[in-house]
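A short worksheet on the structure shown next.
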Amino acid sequence: MTMRALIFVHGIRSDCSVFAKLKRSLKEDSELVNWRQFDCDYDWGYGVGAGASRLHDVLDDAESWTPGGELFIVAHSMGGLVARATLMERPRSAVKRLIMIATPNFGAISTAELLLQFQPLADAVGALNGVYPRQRAFYDLTHVEELFANHERANTQLGTEYATVPAMYYHIGRKVFGAGALSKDQRMYTGLVLTAEILRDAFPSRPALSRPHDGIVMEKKVALLQRDGWTEKWDAITAPSAVPRTYVHVVSTRARQLNHSTILGDETLIQIFKELLLCDSIHNWIVKPGRKGVNVETRIDRA
Amino acid sequence: MADEDEPQRPRRRPASLYDVPGLEALEPVARKHDVSFKAIGSLPRRLLLFQIASPGAEPNLFDLVPFSSDIDLTHNGAPSKTPDIVRDIAYTLPFFELYRWQVASFEDWRPCKEFLEKSAHRIPDNRLTLDKNGLHDAQGAEEAYLERQVRFETNPDYDRSAFFAESRDIPVFAALMWCRNVLQAAGQLEWFSVFGQRAISDVRAAVLASEHGSVLEKLSQSGYLKSRLIYLLTAMALSVPRDERLLKVLEWLGVDRFLSTVIARVPDMEPRLGPVADVRISSDSTIVSATIGNAQFRAGPACSNWEIAETANARLHEVLIGSDAGAASDIALLASEPIPFEAGNATCAGIVKDEIHEFLHLHIPLLPAYAHVINKFDDADLSVAIALCSRHGETWSDLPGAMFVLPALSWYRYGDRREGSALQLRMNVFGIFSRATEIFAKHGFTGPLAFRVFVMRPVGHGMDQHFFRGKIMAAGHSEFAAAVDETYA
């Protein structure tokens, strides 16, 4: 029997405890109970490169525990960039699949946009979080394409399958500051309304980000399907339809209720993550009929 | 054998403007608009100082444009192109919002250039430029720095110039710029000395000349001259490093006496210049803000009291009341008293498309209690939020905590984080203050407003080496409390 292991990679301002519910649910699944779980905790402030250095160590460790086995990486937010950087630095045949959840593959929203989204204190990201532009991680998140530009020729033989999964809480029609958003405390609520109104006045042309997004990352920046943006999956997403798919962007209708944080603990999404882990190939998962509430995108036409 | 104290000539690095990390994106903007950019002012001067101090090292835009510095950029296109160029810079440079930008065409810049050339005194290192071909040092500023000198040249034709007639310059302005440049060079170059400056007598003469009755009269009549004087005095005062001997030099130059004279003889200057006069020795924090009108400023000039450590964090949570997620918030290290601000539009705010970019600068002397809380953290690991409130603490609970995380940068002055040094913050408040009073009133909260400043650190990075591996975010209040204890220990 093939031994399998899961490696969890967290994002900025976080650690692997964000995966607690997901990990527990996977562990309770009879088909996944024997998959060994590894955490890649790293100091996010030092950016993608430092995270990749740590992930190399964790992957070495995981490979030694599962000789000849298969490794699956589940990454949240900036953790997906850490995983991509790691695999591009040194492709590993043991890593069968990388699932990137709410990863800003084409960058997070800009500094000003980031600030606007940090204002709805508890609503978007769970707390009052400052912005630390001098920290490497914040620089990386605004320079993602630059981050991977040097790898363009380095890796055209990447065997690892990719999946990207966005959250889209802030979609057209979502009233972020609608009645009841934080009704349990009127003072807090009033403060949020004032904050929002002042910001709307201060940024007349920027209060509404291009939606949908999850509070930090726009859905279209999670997908690797940018016509003018090269990634290591460019060949896969522009290949003729007859070629088996090795990349999928999974858009669930449930994601419209989930933000950058809550996407990790949602039961519907957890079922999708399980399917993505257990399928024998991304291509077969894509072509499997009868999946409701899930739209998959796999390719763009070669320009 | 070379003298060990003798500064060595640095290896020349042909850094282009577009090679400065953080400014790379200017190149595609220049291409798109078919223009060339040239940086002027303090950026090229600081780059030269950096290259002398750290030959071969890569500069960092955060440190090349610290605290009260701007990015002054000119282009060779038509003046009508400037708004579109600024918009593209804003949308292309990831950290645009962190800096004050002054972008102008060469044509629009020409009067300022003439001002530099025809003003009462000239400081050659203010005339460095940086473009795609690197630094241009036609006046030999590098040579002078290596000789431990900042030059100060008197313009013999000044009295006959249009600038003299238009009352746009007084001799002390150049003297204050010279002092600022000397102090900054001394702060960045270990071997540079304030003492032994060959220009010091000329500078002293310029300061003394400004005490003349006719100069003070010009000053009394011009809001522009008053604002400029306050700005230059503040910039100089905030550049003084820890070395108390330097205060003696400023005293000898006559700066202190000039200040006293202005306060005594020019109306309305005492409230603004009093704190500036004290800033080098005061324990109060200094606030430098945009002007709202004739020598009236948005906020400040001083803030006396900061709550620290647990008290500051409790204040943050008071503002965030009702948030269950407060446990995962950043940790407040300092919280200011309510700082009153004036409503209205700032006259010197930058506008990008329809956004206002207005900056506040805070200079916080590191008193022992503050230093104990702050200085274990790298300045890159500090962030800023502000909360709007009433002007009086006792009515705080009547107002909601409208709260804003700001694009802010912080520096320990000259990298010195010891007691007696200072923490300096620059924050972009956008149009928040311009709009707040009106919007609060619409919701029934009338009366003058104030703001509190929170200096925060993130959880999970740097200091929390054992916590980020120890599940701080979801572990709950006990671990978080431990992190807080660790912070304030």
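In the structure tokens, chains take letters A, B, ... by order of appearance, with residues numbered from 1 within each chain and ligands from 1 in the order shown.
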Sel. of helix (DSSP H, G or I) residues, segment 8-161 of chain A, as JSON, numbers by chain: {"A": [16, 17, 18, 19, 20, 21, 22, 23, 24, 25, 26, 27, 44, 45, 46, 47, 48, 49, 50, 51, 52, 53, 54, 55, 56, 57, 58, 59, 60, 61, 62, 63, 64, 65, 78, 79, 80, 81, 82, 83, 84, 85, 86, 87, 88, 89, 111, 112, 113, 114, 115, 116, 117, 118, 121, 122, 123, 124, 136, 137, 138, 139, 140, 141, 144, 145, 146, 147, 148, 149]}
Contact residues around Arg180 of chain B with only C-alpha atoms at 7 Å, ignoring same-chain residues under 6 positions, as number ranges by chain: B: 235-236, 239
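Here atom CA of Pro91 of chain A and atom CA of Glu70 of chain A stand 13.6 Å from one another.
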Spatial neighbours of Val58 of chain A, max dist 8 Å, only C-alpha atoms, sep filter under 6 positions, as a VMD selection string: chain A and resid 7 38 to 40
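Atom CA of Arg46 of chain B is found 5.7 Å from atom CA of Leu64 of chain B.
Considering only C-alpha atoms, the residue among A:Val144, A:Ile286, A:Val33, A:Met78 positioned nearest to chain B is A:Val144.
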Val249 of chain B surroundings by only C-alpha atoms, 12 Å radius, close-in-sequence under 3 positions cut, as JSON, numbers by chain: {"B": [179, 182, 183, 193, 194, 195, 196, 197, 200, 201, 203, 204, 240, 243, 244, 245, 246, 252, 253, 254, 255, 256]}
Residue contacts of segment 221-233 of chain A (6 Å, only C-alpha atoms) excluding same-chain residues fewer than 4 positions away, as a VMD selection string: chain A and resid 103 to 106 249
